[in-house]
Amino acid sequence: MSFTLKQLHYFVAVAEKGSVIGAARTLSISQSSVTEALKALEADLGVTLFERHARGLTITYSGHQFLRHATQNLSDV
């Protein structure tokens, strides 16, 4: 497991906004950067963090669990 702080930051932003577009706007980065970071994070963790829908994302149970750890790690840094 070797994720980056940037991936954690992007993940938390997506979880808070409920969409990649909203997170990208908040972070002032491209939507594709957020999407690629999320895909890499999910692949590294071996879990699905979000269910994709036409109108956004829904965080999964695993995503909720990881969100607690991600926010704690980011606050510790």
# chains A, B, ... in the order shown; residues from 1 in each chain; ligands from 1
call {"tool": "closest_atom_pairs", "arguments": {"of": "stretch 43-64 of chain A", "to": "stretch 17-26 of chain A", "cutoff": "12 Å", "atoms": "only C-alpha atoms", "output": "JSON lines"}}
result
{"residue": "A:Leu49", "atom": "CA", "partner": "A:Gly18", "partner_atom": "CA", "distance": 11.9}
{"residue": "A:Phe50", "atom": "CA", "partner": "A:Gly18", "partner_atom": "CA", "distance": 9.4}
{"residue": "A:Glu51", "atom": "CA", "partner": "A:Gly18", "partner_atom": "CA", "distance": 10.6}
{"residue": "A:Arg52", "atom": "CA", "partner": "A:Ser19", "partner_atom": "CA", "distance": 9.2}
{"residue": "A:His53", "atom": "CA", "partner": "A:Ser19", "partner_atom": "CA", "distance": 9.6}
{"residue": "A:Ala54", "atom": "CA", "partner": "A:Ser19", "partner_atom": "CA", "distance": 10.2}
{"residue": "A:Arg55", "atom": "CA", "partner": "A:Ser19", "partner_atom": "CA", "distance": 7.9}
{"residue": "A:Gly56", "atom": "CA", "partner": "A:Ser19", "partner_atom": "CA", "distance": 4.7}
{"residue": "A:Leu57", "atom": "CA", "partner": "A:Gly18", "partner_atom": "CA", "distance": 5.5}
{"residue": "A:Thr58", "atom": "CA", "partner": "A:Gly18", "partner_atom": "CA", "distance": 6.7}
{"residue": "A:Ile59", "atom": "CA", "partner": "A:Gly18", "partner_atom": "CA", "distance": 7.9}
{"residue": "A:Thr60", "atom": "CA", "partner": "A:Gly18", "partner_atom": "CA", "distance": 11.7}
call {"tool": "residues_around", "arguments": {"residues": "A:Phe11", "least_positions_apart": "2", "cutoff": "9 Å", "atoms": "only C-alpha atoms", "output": "ChimeraX atom specification"}}
result
/A:6-9,13-16,23,34,37-38,41,49,67,70
call {"tool": "select_by_dssp", "arguments": {"residues": "stretch 4-74 of chain A", "states": "strand (DSSP E or B)", "output": "list in words"}}
result
Phe50, Glu51, Arg52, His53, Gly56, Leu57, Thr58 and Ile59 of chain A
call {"tool": "write_last_selection", "arguments": {"atoms": "C-alpha atoms", "output": "PDB file, in the first residue's frame"}}
result
ATOM      1  CA  PHE A  50     -17.132   5.109  -4.748  1.00  0.00           C
ATOM      2  CA  GLU A  51     -20.048   3.802  -6.758  1.00  0.00           C
ATOM      3  CA  ARG A  52     -20.186   5.742 -10.026  1.00  0.00           C
ATOM      4  CA  HIS A  53     -23.515   7.155 -11.211  1.00  0.00           C
ATOM      5  CA  GLY A  56     -22.004  11.832  -9.381  1.00  0.00           C
ATOM      6  CA  LEU A  57     -20.583   9.387  -6.904  1.00  0.00           C
ATOM      7  CA  THR A  58     -21.796   7.617  -3.807  1.00  0.00           C
ATOM      8  CA  ILE A  59     -19.230   6.660  -1.239  1.00  0.00           C
TER       9      ILE A  59
END
call {"tool": "atom_distance", "arguments": {"atom1": "atom CA of A:Leu74", "atom2": "atom CA of A:Glu36"}}
result
19.8 Å
call {"tool": "closest_residue", "arguments": {"among": "A:Leu27, A:Val77, A:Leu45, A:Leu5", "to": "A:Ser62", "atoms": "only C-alpha atoms"}}
result
A:Leu45
call {"tool": "atom_distance", "arguments": {"atom1": "atom CA of A:Phe3", "atom2": "atom CA of A:Ala40"}}
result
8.3 Å
call {"tool": "select_by_dssp", "arguments": {"residues": "stretch 6-77 of chain A", "states": "alpha helix (DSSP H)", "output": "JSON, numbers by chain"}}
result
{"A": [6, 7, 8, 9, 10, 11, 12, 13, 14, 15, 16, 17, 20, 21, 22, 23, 24, 25, 26, 27, 31, 32, 33, 34, 35, 36, 37, 38, 39, 40, 41, 42, 43, 44, 45, 61, 62, 63, 64, 65, 66, 67, 68, 69, 70, 71, 72, 73, 74, 75, 76]}
call {"tool": "closest_residue", "arguments": {"among": "A:Thr4, A:Val12, A:Ala43, A:Thr35", "to": "A:Phe66", "atoms": "only C-alpha atoms"}}
result
A:Val12
call {"tool": "atom_distance", "arguments": {"atom1": "atom CA of A:Ser28", "atom2": "atom CA of A:Gly46"}}
result
27.7 Å
